[in-house]
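Student: Enclosed is the structure file input_16.tsv (TSV, C-alpha atoms).
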chain	number	residue	atom	x	y	z
A	1	MET	CA	26.87	7.07	-9.93
A	2	ASN	CA	27.69	8.31	-6.44
A	3	GLN	CA	25.11	11.00	-5.81
A	4	GLY	CA	21.51	10.42	-4.79
A	5	LEU	CA	18.84	10.38	-7.44
A	6	ARG	CA	16.50	13.29	-8.11
A	7	ILE	CA	13.05	11.70	-8.38
A	8	ALA	CA	9.82	13.37	-9.54
A	9	PHE	CA	6.86	11.32	-8.35
A	10	PHE	CA	3.29	11.90	-9.59
A	11	GLY	CA	0.89	10.09	-7.24
A	12	SER	CA	-2.48	10.33	-5.52
A	13	SER	CA	-1.37	11.83	-2.18
A	14	LEU	CA	1.56	11.59	0.18
A	15	VAL	CA	0.07	13.72	2.95
A	16	SER	CA	-3.43	12.23	3.16
A	17	ALA	CA	-4.66	8.66	3.52
A	18	TYR	CA	-8.28	9.76	3.02
A	19	TRP	CA	-9.73	7.41	0.37
A	20	ASN	CA	-6.09	6.75	-0.50
A	21	GLY	CA	-4.86	3.34	0.58
A	22	ALA	CA	-1.52	3.84	-1.17
A	23	ALA	CA	-0.45	6.63	1.21
A	24	THR	CA	1.34	4.36	3.70
A	25	TYR	CA	3.13	2.58	0.87
A	26	TYR	CA	4.26	5.85	-0.71
A	27	ARG	CA	5.47	7.16	2.64
A	28	GLY	CA	7.42	4.04	3.48
A	29	VAL	CA	9.19	3.80	0.13
A	30	ILE	CA	9.94	7.52	-0.17
A	31	ARG	CA	11.11	7.94	3.42
A	32	ALA	CA	13.51	5.01	2.96
A	33	LEU	CA	14.79	6.40	-0.33
A	34	HIS	CA	15.40	9.76	1.33
A	35	ALA	CA	17.35	8.05	4.12
A	36	ARG	CA	19.61	6.61	1.43
A	37	GLY	CA	20.39	10.03	-0.03
A	38	HIS	CA	17.74	10.45	-2.74
A	39	ARG	CA	15.63	13.58	-3.22
A	40	VAL	CA	11.95	13.10	-3.99
A	41	THR	CA	9.43	15.70	-5.09
A	42	PHE	CA	5.90	14.34	-4.80
A	43	TYR	CA	3.29	15.99	-7.04
A	44	GLU	CA	-0.32	15.43	-5.97
A	45	PRO	CA	-3.66	16.97	-7.00
A	46	ASP	CA	-5.91	18.96	-4.71
A	47	ALA	CA	-8.80	16.53	-5.07
A	48	PHE	CA	-11.25	14.27	-3.22
A	49	GLU	CA	-11.02	16.47	-0.06
A	50	ARG	CA	-7.65	14.92	0.75
A	51	GLN	CA	-6.04	18.23	1.63
A	52	GLN	CA	-8.84	18.79	4.16
A	53	HIS	CA	-8.15	15.35	5.68
A	54	ARG	CA	-4.37	15.39	5.96
A	55	ASP	CA	-2.73	12.79	8.19
A	56	ILE	CA	0.69	14.45	8.17
A	57	PRO	CA	2.12	17.90	7.46
A	58	ASP	CA	4.59	18.28	4.62
A	59	PRO	CA	7.41	15.91	5.63
A	60	ASP	CA	11.10	16.77	5.84
A	61	TRP	CA	11.94	13.64	3.79
A	62	ALA	CA	10.15	14.78	0.63
A	63	ARG	CA	9.09	17.97	-1.07
A	64	VAL	CA	5.33	18.01	-1.66
A	65	VAL	CA	3.78	20.04	-4.48
A	66	VAL	CA	-0.03	20.22	-4.49
A	67	TYR	CA	-1.48	21.29	-7.83
A	68	SER	CA	-4.98	22.39	-8.71
A	69	ALA	CA	-7.37	19.83	-10.17
A	70	GLU	CA	-9.24	22.63	-11.94
A	71	GLY	CA	-7.81	22.79	-15.44
A	72	THR	CA	-4.41	21.48	-16.52
A	73	GLY	CA	-2.31	24.65	-16.22
A	74	ALA	CA	-0.88	23.87	-12.79
A	75	LEU	CA	-0.14	20.27	-13.80
A	76	GLU	CA	1.67	21.47	-16.92
A	77	ARG	CA	3.93	23.61	-14.74
A	78	CYS	CA	4.68	20.59	-12.54
A	79	LEU	CA	5.60	18.51	-15.57
A	80	GLU	CA	7.96	21.21	-16.78
A	81	GLU	CA	9.54	21.45	-13.33
A	82	ALA	CA	10.08	17.67	-13.34
A	83	ARG	CA	12.01	17.84	-16.61
A	84	GLY	CA	15.66	16.86	-16.11
A	85	SER	CA	15.02	14.65	-13.07
A	86	ASP	CA	16.96	11.41	-12.92
A	87	VAL	CA	13.73	9.46	-12.52
A	88	VAL	CA	10.14	10.45	-13.26
A	89	VAL	CA	7.44	8.23	-11.75
A	90	LYS	CA	3.81	8.14	-12.83
A	91	ALA	CA	1.84	6.12	-10.28
A	92	SER	CA	-1.46	4.51	-11.17
A	93	GLY	CA	-4.65	5.85	-9.67
A	94	VAL	CA	-3.73	9.51	-9.23
A	95	GLY	CA	-7.44	10.11	-9.76
A	96	VAL	CA	-7.07	13.34	-11.75
A	97	PHE	CA	-5.73	13.62	-15.32
A	98	ASP	CA	-4.38	10.05	-15.24
A	99	ALA	CA	-4.54	9.54	-19.01
A	100	LEU	CA	-2.86	12.89	-19.64
A	101	LEU	CA	-0.08	12.14	-17.18
A	102	GLU	CA	0.54	8.66	-18.54
A	103	SER	CA	1.25	10.17	-21.93
A	104	ARG	CA	2.97	13.40	-20.97
A	105	VAL	CA	5.55	11.97	-18.57
A	106	LEU	CA	6.99	10.01	-21.51
A	107	GLU	CA	7.93	13.34	-23.10
A	108	LEU	CA	10.37	13.81	-20.20
A	109	GLN	CA	12.32	10.66	-21.13
A	110	GLY	CA	15.92	11.18	-22.13
A	111	PRO	CA	19.48	9.84	-21.88
A	112	ARG	CA	19.64	10.93	-18.23
A	113	THR	CA	15.97	10.55	-17.31
A	114	GLN	CA	14.22	7.24	-16.70
A	115	VAL	CA	10.44	7.26	-16.81
A	116	VAL	CA	8.75	4.62	-14.67
A	117	PHE	CA	5.12	3.54	-14.37
A	118	TRP	CA	4.51	2.47	-10.77
A	119	ASP	CA	1.30	0.48	-10.58
A	120	VAL	CA	-0.18	0.43	-7.07
A	121	ASP	CA	-3.17	-1.61	-8.27
A	122	ALA	CA	-1.78	-3.85	-11.00
A	123	PRO	CA	-4.64	-6.39	-10.97
A	124	ALA	CA	-7.19	-3.66	-11.67
A	125	THR	CA	-5.01	-2.00	-14.33
A	126	LEU	CA	-4.29	-5.27	-16.12
A	127	GLU	CA	-7.90	-6.40	-16.12
A	128	ARG	CA	-8.97	-3.05	-17.56
A	129	VAL	CA	-6.33	-3.09	-20.30
A	130	GLN	CA	-6.81	-6.75	-21.17
A	131	GLN	CA	-10.57	-6.31	-21.52
A	132	ASN	CA	-10.27	-3.22	-23.74
A	133	PRO	CA	-7.78	-3.41	-26.65
A	134	ASP	CA	-8.45	0.30	-27.29
A	135	ASP	CA	-7.46	1.39	-23.78
A	136	ALA	CA	-5.26	4.49	-24.16
A	137	PHE	CA	-2.65	3.21	-21.71
A	138	ARG	CA	-2.07	-0.08	-23.54
A	139	PRO	CA	0.20	1.23	-26.37
A	140	LEU	CA	2.17	3.34	-23.86
A	141	ILE	CA	3.34	0.37	-21.76
A	142	PRO	CA	6.32	-0.57	-24.00
A	143	ARG	CA	7.54	3.04	-23.98
A	144	TYR	CA	8.19	3.19	-20.23
A	145	ASP	CA	11.71	2.29	-19.15
A	146	ARG	CA	10.20	-0.13	-16.66
A	147	VAL	CA	7.06	-0.94	-14.72
A	148	LEU	CA	7.15	-1.32	-10.95
A	149	THR	CA	4.18	-2.81	-9.14
A	150	TYR	CA	2.80	-2.82	-5.61
A	151	GLY	CA	2.57	-6.60	-5.80
A	152	GLY	CA	1.27	-9.41	-7.92
A	153	GLY	CA	4.30	-11.68	-8.28
A	154	ASP	CA	4.93	-13.72	-11.42
A	155	PRO	CA	1.33	-13.53	-12.73
A	156	VAL	CA	1.52	-9.73	-12.89
A	157	VAL	CA	5.05	-9.75	-14.30
A	158	ARG	CA	4.04	-12.16	-17.08
A	159	ALA	CA	0.94	-10.11	-17.88
A	160	TYR	CA	2.88	-6.85	-18.18
A	161	VAL	CA	5.64	-8.46	-20.27
A	162	ALA	CA	2.97	-9.88	-22.59
A	163	LEU	CA	1.70	-6.32	-23.06
A	164	GLY	CA	5.18	-5.21	-24.10
A	165	ALA	CA	6.73	-3.93	-20.87
A	166	ARG	CA	10.53	-3.78	-21.11
A	167	GLU	CA	10.81	-4.86	-17.50
A	168	CYS	CA	8.32	-5.40	-14.67
A	169	VAL	CA	9.41	-5.74	-11.05
A	170	PRO	CA	7.17	-6.06	-7.97
A	171	ILE	CA	8.14	-3.77	-5.09
A	172	TYR	CA	6.06	-5.24	-2.31
A	173	ASN	CA	4.49	-3.49	0.63
A	174	ALA	CA	6.61	-3.48	3.75
A	175	LEU	CA	6.99	-2.12	7.26
A	176	ASP	CA	8.09	1.38	8.14
A	177	SER	CA	9.16	0.68	11.72
A	178	SER	CA	9.45	4.39	12.49
A	179	THR	CA	5.69	4.80	12.07
A	180	HIS	CA	4.23	1.35	12.79
A	181	HIS	CA	5.30	-0.24	16.06
A	182	PRO	CA	3.90	-1.43	19.41
A	183	VAL	CA	2.10	1.19	21.53
A	184	PRO	CA	0.00	1.02	24.72
A	185	ARG	CA	-3.49	-0.41	24.40
A	186	GLU	CA	-6.33	2.04	23.78
A	187	PRO	CA	-9.63	1.29	25.62
A	188	ARG	CA	-11.84	2.56	22.79
A	189	PHE	CA	-10.37	-0.10	20.49
A	190	GLU	CA	-10.90	-3.04	22.85
A	191	CYS	CA	-12.49	-5.95	20.96
A	192	ASP	CA	-11.97	-9.51	19.83
A	193	LEU	CA	-11.45	-8.69	16.13
A	194	ALA	CA	-10.95	-5.46	14.20
A	195	PHE	CA	-11.00	-4.83	10.48
A	196	LEU	CA	-9.85	-1.60	8.82
A	197	GLY	CA	-10.55	-0.95	5.15
A	198	ASN	CA	-12.45	1.49	2.95
A	199	ARG	CA	-15.65	0.27	1.32
A	200	LEU	CA	-14.80	-0.66	-2.27
A	201	PRO	CA	-16.81	-2.68	-4.82
A	202	ASP	CA	-14.28	-5.52	-5.10
A	203	ARG	CA	-13.79	-5.74	-1.33
A	204	GLU	CA	-17.35	-5.61	0.01
A	205	ALA	CA	-18.32	-9.23	-0.66
A	206	ARG	CA	-15.24	-10.48	1.21
A	207	VAL	CA	-15.97	-8.15	4.13
A	208	GLU	CA	-19.51	-9.51	4.22
A	209	GLU	CA	-18.27	-13.12	4.29
A	210	PHE	CA	-15.10	-13.00	6.39
A	211	PHE	CA	-15.95	-10.21	8.83
A	212	LEU	CA	-19.69	-9.62	9.12
A	213	ARG	CA	-20.65	-13.29	8.83
A	214	ALA	CA	-17.98	-14.13	11.43
A	215	ALA	CA	-19.56	-11.57	13.75
A	216	ARG	CA	-22.99	-13.15	13.26
A	217	LEU	CA	-21.58	-16.62	13.95
A	218	TYR	CA	-19.88	-15.41	17.14
A	219	PRO	CA	-22.55	-13.15	18.69
A	220	GLU	CA	-20.81	-12.98	22.08
A	221	GLY	CA	-17.69	-11.56	20.42
A	222	ARG	CA	-16.90	-7.85	20.03
A	223	PHE	CA	-16.00	-6.58	16.56
A	224	LEU	CA	-14.75	-3.20	15.27
A	225	LEU	CA	-15.06	-1.95	11.68
A	226	GLY	CA	-13.00	1.04	10.56
A	227	GLY	CA	-12.71	2.80	7.20
A	228	SER	CA	-14.66	5.17	4.99
A	229	GLY	CA	-17.95	4.39	3.30
A	230	TRP	CA	-19.56	1.86	5.64
A	231	GLY	CA	-21.93	4.29	7.38
A	232	ASP	CA	-25.09	3.05	5.64
A	233	LYS	CA	-24.13	-0.63	5.77
A	234	ARG	CA	-26.40	-2.83	7.87
A	235	LEU	CA	-24.19	-4.30	10.59
A	236	PRO	CA	-24.68	-7.02	13.22
A	237	SER	CA	-25.38	-5.65	16.71
A	238	ASN	CA	-21.94	-6.77	17.98
A	239	VAL	CA	-20.08	-4.73	15.33
A	240	LYS	CA	-19.14	-1.15	16.19
A	241	TYR	CA	-18.41	1.18	13.27
A	242	LEU	CA	-15.54	3.63	13.78
A	243	GLY	CA	-15.62	5.57	10.51
A	244	HIS	CA	-12.39	6.85	8.98
A	245	VAL	CA	-9.44	5.98	11.20
A	246	TYR	CA	-6.53	8.40	10.86
A	247	THR	CA	-3.08	6.91	10.52
A	248	ALA	CA	-2.09	8.33	13.91
A	249	ASP	CA	-4.50	5.79	15.44
A	250	HIS	CA	-3.44	2.77	13.38
A	251	ASN	CA	-0.89	1.50	15.90
A	252	ALA	CA	-3.41	1.56	18.75
A	253	LEU	CA	-6.02	-0.08	16.56
A	254	ASN	CA	-3.52	-2.85	15.78
A	255	CYS	CA	-2.19	-3.31	19.32
A	256	THR	CA	-5.46	-3.31	21.28
A	257	PRO	CA	-7.79	-5.98	19.79
A	258	ARG	CA	-7.20	-9.68	20.43
A	259	ALA	CA	-6.68	-10.03	16.67
A	260	VAL	CA	-6.93	-7.95	13.51
A	261	LEU	CA	-8.22	-9.07	10.12
A	262	ASN	CA	-6.69	-8.63	6.67
A	263	LEU	CA	-8.87	-9.11	3.60
A	264	SER	CA	-7.63	-9.02	0.03
A	265	ARG	CA	-9.63	-7.25	-2.62
A	266	GLU	CA	-11.11	-9.65	-5.17
A	267	SER	CA	-8.71	-8.68	-7.96
A	268	MET	CA	-5.64	-8.98	-5.75
A	269	ALA	CA	-6.78	-12.33	-4.41
A	270	ARG	CA	-7.08	-13.64	-7.98
A	271	PHE	CA	-3.51	-12.64	-8.88
A	272	GLY	CA	-2.06	-13.48	-5.47
A	273	PHE	CA	1.33	-12.30	-4.19
A	274	SER	CA	-0.29	-9.01	-3.11
A	275	PRO	CA	0.12	-8.44	0.63
A	276	ALA	CA	-1.83	-5.39	1.72
A	277	THR	CA	-0.15	-2.59	3.63
A	278	ARG	CA	-2.24	-3.70	6.60
A	279	VAL	CA	-0.33	-7.00	6.79
A	280	PHE	CA	2.92	-5.22	7.56
A	281	GLU	CA	1.36	-2.49	9.71
A	282	ALA	CA	-0.19	-5.15	11.92
A	283	ALA	CA	2.96	-7.26	12.06
A	284	GLY	CA	5.05	-4.22	12.91
A	285	ALA	CA	2.80	-3.51	15.86
A	286	GLY	CA	3.12	-7.11	17.04
A	287	SER	CA	-0.55	-7.83	16.32
A	288	CYS	CA	-2.05	-11.25	15.87
A	289	LEU	CA	-3.17	-11.18	12.25
A	290	ILE	CA	-5.93	-13.30	10.72
A	291	THR	CA	-6.04	-13.23	6.91
A	292	ASP	CA	-7.99	-14.76	4.08
A	293	ALA	CA	-5.99	-17.27	2.06
A	294	TRP	CA	-4.08	-16.04	-1.00
A	295	GLU	CA	-1.28	-17.42	-3.14
A	296	GLY	CA	2.17	-16.27	-2.08
A	297	LEU	CA	1.38	-15.62	1.59
A	298	GLU	CA	4.22	-17.93	2.66
A	299	LEU	CA	6.76	-15.56	1.09
A	300	PHE	CA	5.94	-13.03	3.78
A	301	LEU	CA	4.59	-14.82	6.88
A	302	GLU	CA	4.40	-18.46	7.95
A	303	PRO	CA	0.80	-19.65	8.38
A	304	GLY	CA	0.07	-21.05	11.83
A	305	ARG	CA	3.17	-19.50	13.41
A	306	GLU	CA	3.32	-15.88	12.21
A	307	VAL	CA	-0.22	-15.46	10.83
A	308	LEU	CA	-3.57	-17.28	11.06
A	309	VAL	CA	-5.40	-18.15	7.84
A	310	ALA	CA	-9.15	-18.61	7.34
A	311	LYS	CA	-11.01	-19.97	4.31
A	312	ASP	CA	-14.31	-18.25	5.13
A	313	GLY	CA	-16.30	-16.44	7.78
A	314	ALA	CA	-16.92	-19.60	9.76
A	315	GLY	CA	-13.19	-20.14	9.89
A	316	VAL	CA	-12.64	-16.60	11.15
A	317	ALA	CA	-15.26	-17.09	13.86
A	318	ASP	CA	-13.64	-20.35	14.98
A	319	LEU	CA	-10.18	-18.78	15.13
A	320	VAL	CA	-11.38	-15.78	17.14
A	321	ARG	CA	-13.43	-17.94	19.51
A	322	SER	CA	-10.47	-20.24	20.28
A	323	LEU	CA	-7.73	-17.58	20.42
A	324	ASP	CA	-6.35	-16.85	23.87
A	325	ALA	CA	-4.17	-13.89	24.82
A	326	GLU	CA	-0.96	-15.92	25.08
A	327	ARG	CA	-1.23	-17.46	21.63
A	328	ALA	CA	-2.23	-14.15	20.10
A	329	ARG	CA	0.85	-12.52	21.66
A	330	ASP	CA	3.17	-15.29	20.40
A	331	ILE	CA	1.88	-15.04	16.84
A	332	GLY	CA	2.17	-11.25	16.84
A	333	GLN	CA	5.73	-11.28	18.16
A	334	ALA	CA	6.80	-13.92	15.62
A	335	ALA	CA	5.33	-11.83	12.81
A	336	ARG	CA	7.12	-8.72	14.04
A	337	ARG	CA	10.47	-10.52	14.10
A	338	ARG	CA	9.95	-11.78	10.55
A	339	VAL	CA	9.06	-8.46	8.97
A	340	LEU	CA	11.87	-6.60	10.75
A	341	ALA	CA	14.33	-9.15	9.40
A	342	GLU	CA	13.07	-9.32	5.82
A	343	HIS	CA	10.29	-6.89	4.95
A	344	THR	CA	11.03	-3.28	5.89
A	345	TYR	CA	10.92	-0.37	3.49
A	346	ALA	CA	14.68	-0.17	3.90
A	347	HIS	CA	14.84	-3.54	2.15
A	348	ARG	CA	12.53	-2.22	-0.56
A	349	ALA	CA	14.60	0.94	-1.06
A	350	VAL	CA	17.68	-1.18	-1.76
A	351	GLN	CA	15.65	-3.13	-4.31
A	352	VAL	CA	14.44	0.08	-6.00
A	353	GLU	CA	18.04	1.29	-6.29
A	354	GLN	CA	19.07	-1.98	-7.89
A	355	VAL	CA	16.18	-1.90	-10.37
A	356	LEU	CA	17.03	1.68	-11.34
A	357	GLY	CA	20.70	0.78	-11.80
A	358	HIS	CA	21.85	3.06	-8.99
A	359	ARG	CA	24.80	2.10	-6.82
A	360	ALA	CA	24.59	3.86	-3.47
A	361	PRO	CA	27.65	5.15	-1.59
A	362	LYS	CA	28.96	2.82	1.14
A	363	ARG	CA	27.53	4.95	3.94
A	364	ALA	CA	24.05	4.62	2.45
A	365	ARG	CA	24.43	0.91	1.80
A	366	ALA	CA	25.03	0.37	5.53
A	367	SER	CA	22.25	2.68	6.71
A	368	LEU	CA	18.61	2.48	7.80
A	369	GLU	CA	17.60	-0.52	9.83
A	370	GLY	CA	20.82	-2.41	9.16
A	371	VAL	CA	20.08	-3.35	5.54
A	372	ALA	CA	23.29	-4.01	3.65
Reformat the file's structure so that it appears as structure tokens.

Tutor:
Amino acid sequence: MNQGLRIAFFGSSLVSAYWNGAATYYRGVIRALHARGHRVTFYEPDAFERQQHRDIPDPDWARVVVYSAEGTGALERCLEEARGSDVVVKASGVGVFDALLESRVLELQGPRTQVVFWDVDAPATLERVQQNPDDAFRPLIPRYDRVLTYGGGDPVVRAYVALGARECVPIYNALDSSTHHPVPREPRFECDLAFLGNRLPDREARVEEFFLRAARLYPEGRFLLGGSGWGDKRLPSNVKYLGHVYTADHNALNCTPRAVLNLSRESMARFGFSPATRVFEAAGAGSCLITDAWEGLELFLEPGREVLVAKDGAGVADLVRSLDAERARDIGQAARRRVLAEHTYAHRAVQVEQVLGHRAPKRARASLEGVA
């Protein structure tokens, strides 16, 4: 196969990160696939006010089709348009007509069309399916040509195989160096520690412990909280709430504070091997990253040299209190070198090609960020 693949991708949103943490991941993977000669059409619903909170216009590296969330007629037309693609992807968590899509995309399967389930929240999906034997998605798993996941490592792979998946392969988060990179410091983001994340039920307890408790234990420190949903949360007096932070400001928010914090959601922490997009965004900007401990971290960054690890809020407070500018800079630069060498979306695009059985032309194999 010498030509690029034609890929139909049904996901939450490519053009808006509003209540949509997968946006950066989608953009990185799809942009890198486009650079290697593949053509992606991304189908997303007009839902959750995402079209009113766009971060980017329609990109030149993907065709975006926005369909109405009112009734299924527009979605049916999208499914028919996707027929005959080389690859059809149904991502988890589209948020509208998920059960319908999970079933209907399988009708597009054929000798020349692979149908893939791409799980961007495998821990949550697996826990739901394992707890409910009657879950409608459960009997569909063996029918997909393969399952790709946002992370999860061997525990997720074993769980999906046990449910009948033909193949399950983690495609981890990574760095898109064209969008996440060092920029000048921004005075409004000056602080000792910043955390960016939407308020979600299985994240809030960890934010309370690792971020808000750290702020209380280090009252002379300055802390910034960004993300949607925290407006009515009672915060310590030394924590400033930013609200939703658009992706255009992510580099400045990473580059300006002394350190930035990554916190796993509870389900991802239990499975491990699930680096958040924020890990690579921060590393790409050369930020000093502090993270909670989770299994598999060493596959991505070396603790103590490329990332700092805390067991609890007291540990975070101690790290921030003792961190000087020189050490923070050294850790951030080491992390940036590591992810550029091993963890860009160009690396992930090569992996996706291999999983799909596609052999790229030589010119593509030598392209984008030097990945061979």

Student: What lies within 12 Å of Thr24 in chain A using all atoms listed in the file, ignoring chain neighbours under 2 positions off, as a count of residues only?

Tutor: 40

Student: Quick one: distance from CA of Asp134 in chain A to CA of Leu75 in chain A in Å, one decimal?

Tutor: 25.5 Å

Student: Calculated over all atoms listed in the file, which of the candidates A:Val350, A:Val94, A:Ala205, A:Ile290 has the smallest distance to Glu302 in chain A?

Tutor: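 Distance minimum relative to Glu302 in chain A lands on A:Ile290.
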
Student: Just give me the gap between CA of Arg158 in chain A and CA of Pro139 in chain A in Å, one decimal is fine.

Tutor: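 Going from CA of Arg158 in chain A over to CA of Pro139 in chain A, I get 16.7 Å.
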
Student: With distances taken over all atoms listed in the file, which residue among A:Gln114, A:Ser103, A:Ser287, A:Gln51 lies nearest Ala252 in chain A?

Tutor: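 For Ala252 in chain A, the nearest of the given residues is A:Ser287.
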
Student: Work out how far CA of Val87 in chain A is from CA of Arg36 in chain A, in Å to one decimal.

Tutor: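 Distance reported for this atom pair: 15.4 Å.
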
Student: Determine the nearest neighbour of Lys90 in chain A from the options A:Lys240, A:Arg258, A:Arg146, A:Arg54, counting only C-alpha atoms.

Tutor: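 So, comparing all the options, the nearest one is A:Arg146.
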
Student: Can you pull out the residues contacting Phe210 in chain A? Cut-off 8 Å, using all atoms listed in the file, and skip same-chain residues under 2 positions away; I want them as a VMD selection string.

Tutor: chain A and resid 206 to 208 212 to 214 263 292 312 to 314 316

Student: Around range 325-329 of chain A, with edges along x, y and z and 5 Å added on all six sides, what centre and edge lengths do you get, in Å to one decimal, as AutoDock Vina command-line options?

Tutor:
--center_x -1.7 --center_y -15.0 --center_z 22.6 --size_x 15.0 --size_y 14.9 --size_z 15.0

Student: Please complete range 277-284 of chain A with all heavy atoms and give it back as a CSV table (one decimal), keeping the file's coordinate frame.

Tutor:
chain,number,residue,atom,x,y,z
A,277,THR,N,-0.9,-3.4,2.7
A,277,THR,CA,-0.2,-2.6,3.6
A,277,THR,C,-0.5,-3.0,5.0
A,277,THR,O,0.4,-3.1,5.9
A,277,THR,CB,-0.4,-1.1,3.4
A,277,THR,OG1,-0.2,-0.7,2.1
A,277,THR,CG2,0.4,-0.2,4.4
A,278,ARG,N,-1.8,-3.3,5.3
A,278,ARG,CA,-2.2,-3.7,6.6
A,278,ARG,C,-1.5,-4.9,7.2
A,278,ARG,O,-1.3,-5.0,8.4
A,278,ARG,CB,-3.7,-4.0,6.5
A,278,ARG,CG,-4.3,-4.5,7.8
A,278,ARG,CD,-5.7,-3.9,8.0
A,278,ARG,NE,-6.3,-4.3,9.3
A,278,ARG,CZ,-6.0,-3.7,10.5
A,278,ARG,NH1,-5.1,-2.7,10.5
A,278,ARG,NH2,-6.6,-4.1,11.6
A,279,VAL,N,-1.1,-5.8,6.3
A,279,VAL,CA,-0.3,-7.0,6.8
A,279,VAL,C,0.9,-6.6,7.5
A,279,VAL,O,1.2,-7.0,8.6
A,279,VAL,CB,0.0,-7.9,5.6
A,279,VAL,CG1,1.0,-9.0,6.0
A,279,VAL,CG2,-1.2,-8.5,5.0
A,280,PHE,N,1.7,-5.6,7.0
A,280,PHE,CA,2.9,-5.2,7.6
A,280,PHE,C,2.7,-4.2,8.7
A,280,PHE,O,3.5,-4.2,9.7
A,280,PHE,CB,3.8,-4.6,6.5
A,280,PHE,CG,4.1,-5.7,5.4
A,280,PHE,CD1,3.5,-5.6,4.2
A,280,PHE,CD2,5.0,-6.7,5.6
A,280,PHE,CE1,3.8,-6.5,3.2
A,280,PHE,CE2,5.3,-7.6,4.7
A,280,PHE,CZ,4.7,-7.6,3.4
A,281,GLU,N,1.7,-3.4,8.6
A,281,GLU,CA,1.4,-2.5,9.7
A,281,GLU,C,1.0,-3.3,11.0
A,281,GLU,O,1.5,-3.0,12.1
A,281,GLU,CB,0.2,-1.6,9.4
A,281,GLU,CG,0.4,-0.5,8.3
A,281,GLU,CD,-0.8,0.4,8.2
A,281,GLU,OE1,-1.8,0.2,8.9
A,281,GLU,OE2,-0.7,1.3,7.3
A,282,ALA,N,0.2,-4.3,10.8
A,282,ALA,CA,-0.2,-5.2,11.9
A,282,ALA,C,1.0,-5.9,12.5
A,282,ALA,O,1.2,-6.0,13.7
A,282,ALA,CB,-1.3,-6.1,11.5
A,283,ALA,N,1.8,-6.5,11.6
A,283,ALA,CA,3.0,-7.3,12.1
A,283,ALA,C,3.9,-6.4,12.8
A,283,ALA,O,4.5,-6.7,13.8
A,283,ALA,CB,3.6,-8.0,10.9
A,284,GLY,N,4.1,-5.2,12.3
A,284,GLY,CA,5.0,-4.2,12.9
A,284,GLY,C,4.6,-3.8,14.3
A,284,GLY,O,5.5,-3.5,15.2
